[in-house]
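All remarks here apply to the structure that follows.
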Amino acid sequence: MRGSDENRHPAIWTHSLRSLFALVMVAMLIVVSATLVGLDYRRSRDAAIEDAETNMRAFVGRLVDRLGVLSGDTSALVSLVASVANSFLVPPPERLNDKIAIMREGIMRSPHIDGIYVGYPDGTFFQVVDLAMPAWRMALDAPRGATLAVRSMEKDAEGKPVNRVLFLDAAGIQFAERRSTPTGFDPQTRPWYQAAVDGKVPVPTGPYEMATTGKLGMTISQAHHGNGKIVIGADVVLDTITDFLSRERLTDGSVSFILDAVGRPIIHSDPAMMRRIMAAKQKYDPVAAPQNDPLIESIRLNPPPPGKASFVDVGDRTYLVVVTPLASALLLSGHRVVVAAPLDELMATANTALLQGLAVSGAVVVLAVLSALVLAHLITKSLHQLTASANRLQDLDFTTPIDVPSHVTEISTLNGAMNKARDAIFTFALYVPKELVRRGIESGQFGGRAAWRQEVTALFTDIYDFTTISERHAPEEVVAMLSEYFDIFSETVHAHNGTIIQFLGDSVFAMWNAPIADERHAEHACRCALAVEERLQAFNEKQKAKGLPEFRTRFGIHTGTAVVGSVGAKERLQYTAMGDTVNVASRLEGMNKNYGTTIMASGAVVAQCRDVITFRPLGSAQAKGRATALDIYEVLAAGPVAEVKMDEAQTGTAA
């Protein structure tokens, strides 16, 4: 009968009141919190897109302003030269000084102009070049002191071409002249001449790669008012535009570029893409587009509506894109500027707000659970306290006692057991440095007997004449002095990312780059030794004031490969380093007394940090028990000193 009753009435799903109450509260809070977080995320997303669109339009506005300034300055200069009646209506060498004076003044006032020139219908040519660009200096083999070069392609009395280059100093005074073989250059064949001849207004040409400098540039040219066959041109370097595009970014992954009328990229914010664009063209030809950029191809094939923000999918990434025609500037007029930002980066703030909202919601849920637990007579309070105590033990924190009174026998027993464990671990930590254990656990290197080769920097110290000090003072007094002395080492080594491996009587063995990796381990070891030496000065002052002996400490530092790990018996391990590197550091410490130095380092240490630590070379020496000699140095200060380096160079030469 009992079996049949169980079959008719299956077991009912049951939970404690505490669990049911907490479950209902959590469910309600999750629904409400999720709704609020979702609405807030939507508002943040819309605001981020709106802000990005506003910033993109402002960016385009600043770009147009820059292009307008370049266009205005250059076209004003070209128009000025085109209006000068006498000087420029005659070909060179006629009125050469007048030409130079006017064009020099203009180019000195316009640092973005690479050069300004005049082409004549008889094939003569006159150009003033700014020698600030290294490419021009190399191409013209400019003499020292030259700031401007004047290139003149003239015809002599017999009508034969003559090419001259004049060099001017900063005051505009000609001090050198060089003649060259005519190249057959005819300005009438150049696009800038053909675009402006017989015209009335300035005309842009390009962009293209400039023949001499290799820079991306454009030309603004205009026919002379008095003779339409004479054309004045100025080359504008577009570096300021490329720098502006690469510098002004909404996010790290944002890009901006300028497309010509057929969708070819002319300028790109990514320097690598800019190099590819320049490499994909023939010399003197318009810039040609590489066909392997998916974003450019997508915009070229499916142009977004101008002036409006659109979403463009490229692979697994979505971009917010704004395409704006450039219509207000003479340079690049008719081109389009494209600003594109990855949507995921634009949404970073919104995503952060989402995570914060989720965190707040989670906190509310946790509070709800805690409230349910409180209403259910705080049954788990003692367990939480014990868990917190266990976490403190895991962090080797012994400052807070474990005191969790409870009427539950199991919790009371567990409290007593954890107190015994705390006392045992505390006693253990007195013999094994807490920091060494913590770092070893963090690095995952404490897993039984194991050792491996690793580059480390080892530091050994010793107190000069410590045996005499011990003989003249009571053991208790010596221990007290050593304890304060070792406190200085413990604090300073820890502050410089090192680990004290062992205290050996009055000596200290410290190590860097193990168990925690440290790329600057040699530098940190040197800085630590200097810092300890500085603190020991104050320590010794106190010793003198008390009538106690001073502790004169010697340091030895060496960098090299050592066998690092946990070694020892099965039930008694020690984390240490062994090998020649450790032995050399110990030998260097002892060699200080032979040289009257305090901190001695090997050449291996110097090789790693000579730029940030000042060393004094001491020559080569034979360390005890070692077959090969060592280059040894005294560690002087943190930071290179010019005078010391001079001494070092002289000492090295003498050696």
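Every chain in the structure tokens takes a letter, A first, then B, and so on in the order presented; its residues are numbered from 1, and the ligands are numbered from 1 following the presented order.
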Excluding region 305-315 of chain A and its own-chain neighbours fewer than 3 positions away, which residues fall within 7 Å of it when counting only C-alpha atoms? Please give them as JSON, numbers by chain. {"A": [53, 294, 295, 318, 319, 320, 321, 322, 323, 324, 325]}
List as JSON, numbers by chain the protein and nucleic acid residues near Ser79 (chain A), meaning an atom at most 12 Å away when only C-alpha atoms are counted, but skip any in the same chain fewer than 5 places from it. {"A": [71, 72, 73, 74, 84, 85, 103, 106, 116, 196, 199, 200, 201, 202, 203, 220, 221, 222, 223, 224, 225, 231, 232, 233, 234]}
Pick from A:Val24, A:Cys609, A:Leu63, A:Ala341: nearest to Asp243 (chain A), with only C-alpha atoms counted?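 Between A:Val24, A:Cys609, A:Leu63, A:Ala341, the residue approaching Asp243 (chain A) most closely is A:Leu63.
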List as JSON lines every residue of region 164-276 of chain A that is in contact with region 346-351 of chain A, defined as an atom at most 12 Å from one of its atoms (using only C-alpha atoms), together with the nearest atom pair and the distance in Å rounded to one decimal, sorted by chain and then rising number.
{"residue": "A:Arg249", "atom": "CA", "partner": "A:Leu346", "partner_atom": "CA", "distance": 11.5}
{"residue": "A:Leu250", "atom": "CA", "partner": "A:Leu346", "partner_atom": "CA", "distance": 8.2}
{"residue": "A:Thr251", "atom": "CA", "partner": "A:Leu346", "partner_atom": "CA", "distance": 7.2}
{"residue": "A:Asp252", "atom": "CA", "partner": "A:Leu346", "partner_atom": "CA", "distance": 10.0}
{"residue": "A:Gly253", "atom": "CA", "partner": "A:Leu346", "partner_atom": "CA", "distance": 9.7}
{"residue": "A:Ser254", "atom": "CA", "partner": "A:Leu346", "partner_atom": "CA", "distance": 9.4}
message: I need the alpha helix (DSSP H) residues of region 145-387 of chain A per DSSP on the backbone, written as a VMD selection string.
response: chain A and resid 191 to 196 239 to 247 271 to 279 294 to 301 343 to 346 348 to 375 381 to 387
Just want the 10 Å neighbourhood of Arg300 (chain A), counted on only C-alpha atoms, with same-chain residues fewer than 2 positions away dropped. Output as a PyMOL selection string. chain A and resi 259+262-265+294-298+302-304
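Interatomic distance, CA of Leu140 (chain A) to CA of Ile277 (chain A): 27.5 Å.
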What separates CA of Val606 (chain A) and CA of Arg587 (chain A) is a distance of 16.9 Å
Going by DSSP on the backbone, which residues of region 168-349 of chain A come out as strand (DSSP E or B)? List them as a ChimeraX atom specification.
/A:168,174-180,203-209,216-223,231-237,255-259,265-268,309-314,317-325,336-342
Which residues are close to His524 (chain A), i.e. within 8 Å by only C-alpha atoms, leaving aside same-chain residues fewer than 3 positions away? Reply as a list of chain:residue names.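 Non-adjacent residues within range: A:His496, A:Asn497, A:Gly498, A:Trp512, A:Arg520, A:His521, A:Arg527, A:Cys528.
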Review point. CA of Phe551 (chain A) and CA of Glu484 (chain A), how far apart in Å?
Key: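 Between these atoms lies a distance of 11.2 Å.
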**Prompt:** Val90 (chain A): which residues within 12 Å, counting only C-alpha atoms, same-chain residues fewer than 3 positions away excluded, as a list in words?
**Reply:** Val84, Ala85, Asn86, Ser87, Pro93, Glu94, Arg95, Leu96, Asp98, Lys99, Val118, Gly119, Tyr120, Pro121, Asp122, Thr124, Phe125, Phe126, Glu154, His224, Gly226, Asn227, Lys229 and Ile230 of chain A
Quick one: write out the picked residues with N, CA, C and O atoms as an mmCIF file, in the first residue's frame?
data_model
loop_
_atom_site.group_PDB
_atom_site.id
_atom_site.type_symbol
_atom_site.label_atom_id
_atom_site.label_comp_id
_atom_site.auth_asym_id
_atom_site.auth_seq_id
_atom_site.Cartn_x
_atom_site.Cartn_y
_atom_site.Cartn_z
ATOM 1 N N VAL A 84 52.169 91.174 -61.388
ATOM 2 C CA VAL A 84 53.349 92.041 -61.478
ATOM 3 C C VAL A 84 53.656 92.275 -62.949
ATOM 4 O O VAL A 84 53.961 91.344 -63.705
ATOM 5 N N ALA A 85 53.605 93.542 -63.386
ATOM 6 C CA ALA A 85 53.607 93.840 -64.822
ATOM 7 C C ALA A 85 54.982 93.693 -65.461
ATOM 8 O O ALA A 85 55.118 93.105 -66.530
ATOM 9 N N ASN A 86 56.001 94.212 -64.852
ATOM 10 C CA ASN A 86 57.280 94.338 -65.549
ATOM 11 C C ASN A 86 58.194 93.137 -65.364
ATOM 12 O O ASN A 86 58.733 92.599 -66.324
ATOM 13 N N SER A 87 58.387 92.726 -64.106
ATOM 14 C CA SER A 87 59.421 91.733 -63.827
ATOM 15 C C SER A 87 59.169 90.407 -64.519
ATOM 16 O O SER A 87 60.094 89.791 -65.071
ATOM 17 N N PRO A 93 67.272 85.699 -68.296
ATOM 18 C CA PRO A 93 67.740 86.325 -67.038
ATOM 19 C C PRO A 93 67.339 87.781 -66.869
ATOM 20 O O PRO A 93 67.908 88.466 -66.021
ATOM 21 N N GLU A 94 66.384 88.274 -67.674
ATOM 22 C CA GLU A 94 65.951 89.670 -67.569
ATOM 23 C C GLU A 94 65.339 89.907 -66.185
ATOM 24 O O GLU A 94 64.530 89.117 -65.709
ATOM 25 N N ARG A 95 65.727 90.995 -65.544
ATOM 26 C CA ARG A 95 65.179 91.445 -64.261
ATOM 27 C C ARG A 95 65.152 90.288 -63.234
ATOM 28 O O ARG A 95 64.175 90.088 -62.514
ATOM 29 N N LEU A 96 66.228 89.572 -63.219
ATOM 30 C CA LEU A 96 66.297 88.377 -62.370
ATOM 31 C C LEU A 96 66.189 88.735 -60.892
ATOM 32 O O LEU A 96 65.485 88.063 -60.125
ATOM 33 N N ASP A 98 64.677 91.227 -59.463
ATOM 34 C CA ASP A 98 63.307 91.593 -59.100
ATOM 35 C C ASP A 98 62.443 90.346 -58.942
ATOM 36 O O ASP A 98 61.620 90.248 -58.022
ATOM 37 N N LYS A 99 62.612 89.405 -59.838
ATOM 38 C CA LYS A 99 61.848 88.146 -59.742
ATOM 39 C C LYS A 99 62.155 87.432 -58.422
ATOM 40 O O LYS A 99 61.262 86.969 -57.707
ATOM 41 N N VAL A 118 57.755 80.020 -62.791
ATOM 42 C CA VAL A 118 57.125 80.685 -63.930
ATOM 43 C C VAL A 118 57.585 79.979 -65.194
ATOM 44 O O VAL A 118 58.788 79.742 -65.383
ATOM 45 N N GLY A 119 56.632 79.615 -66.065
ATOM 46 C CA GLY A 119 56.942 79.005 -67.351
ATOM 47 C C GLY A 119 56.615 79.974 -68.480
ATOM 48 O O GLY A 119 55.552 80.611 -68.478
ATOM 49 N N TYR A 120 57.514 80.069 -69.456
ATOM 50 C CA TYR A 120 57.360 81.002 -70.566
ATOM 51 C C TYR A 120 57.123 80.238 -71.862
ATOM 52 O O TYR A 120 57.574 79.083 -72.013
ATOM 53 N N PRO A 121 56.440 80.872 -72.810
ATOM 54 C CA PRO A 121 56.116 80.171 -74.063
ATOM 55 C C PRO A 121 57.339 79.821 -74.895
ATOM 56 O O PRO A 121 57.245 78.976 -75.790
ATOM 57 N N ASP A 122 58.487 80.447 -74.637
ATOM 58 C CA ASP A 122 59.685 80.088 -75.398
ATOM 59 C C ASP A 122 60.449 78.937 -74.758
ATOM 60 O O ASP A 122 61.547 78.597 -75.189
ATOM 61 N N THR A 124 61.596 78.823 -71.626
ATOM 62 C CA THR A 124 62.386 79.200 -70.452
ATOM 63 C C THR A 124 61.561 78.998 -69.186
ATOM 64 O O THR A 124 60.333 78.980 -69.221
ATOM 65 N N PHE A 125 62.287 78.880 -68.080
ATOM 66 C CA PHE A 125 61.644 78.487 -66.824
ATOM 67 C C PHE A 125 62.427 79.115 -65.678
ATOM 68 O O PHE A 125 63.658 79.210 -65.713
ATOM 69 N N PHE A 126 61.676 79.556 -64.668
ATOM 70 C CA PHE A 126 62.289 80.210 -63.509
ATOM 71 C C PHE A 126 61.585 79.692 -62.261
ATOM 72 O O PHE A 126 60.358 79.678 -62.190
ATOM 73 N N GLU A 154 67.417 79.249 -69.090
ATOM 74 C CA GLU A 154 67.445 80.425 -69.956
ATOM 75 C C GLU A 154 67.920 80.042 -71.352
ATOM 76 O O GLU A 154 68.207 78.871 -71.635
ATOM 77 N N HIS A 224 49.564 84.800 -66.485
ATOM 78 C CA HIS A 224 49.888 86.188 -66.159
ATOM 79 C C HIS A 224 48.860 87.132 -66.775
ATOM 80 O O HIS A 224 48.388 86.919 -67.900
ATOM 81 N N GLY A 226 49.220 90.037 -67.922
ATOM 82 C CA GLY A 226 49.705 90.776 -69.081
ATOM 83 C C GLY A 226 50.013 89.909 -70.273
ATOM 84 O O GLY A 226 50.126 90.418 -71.390
ATOM 85 N N ASN A 227 50.178 88.618 -70.082
ATOM 86 C CA ASN A 227 50.477 87.702 -71.183
ATOM 87 C C ASN A 227 49.976 86.329 -70.779
ATOM 88 O O ASN A 227 50.542 85.672 -69.908
ATOM 89 N N LYS A 229 50.248 83.570 -72.078
ATOM 90 C CA LYS A 229 51.135 82.448 -72.363
ATOM 91 C C LYS A 229 52.180 82.245 -71.269
ATOM 92 O O LYS A 229 52.913 81.263 -71.279
ATOM 93 N N ILE A 230 52.279 83.201 -70.370
ATOM 94 C CA ILE A 230 53.183 83.068 -69.225
ATOM 95 C C ILE A 230 52.360 82.549 -68.046
ATOM 96 O O ILE A 230 51.350 83.144 -67.668
#
Practice item. Find, counting only C-alpha atoms, the residue in A:Ala638, A:Ala82, A:Ala621, A:Met578 that gets nearest to Ala451 (chain A). Key: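 For Ala451 (chain A), the nearest of the given residues is A:Met578.
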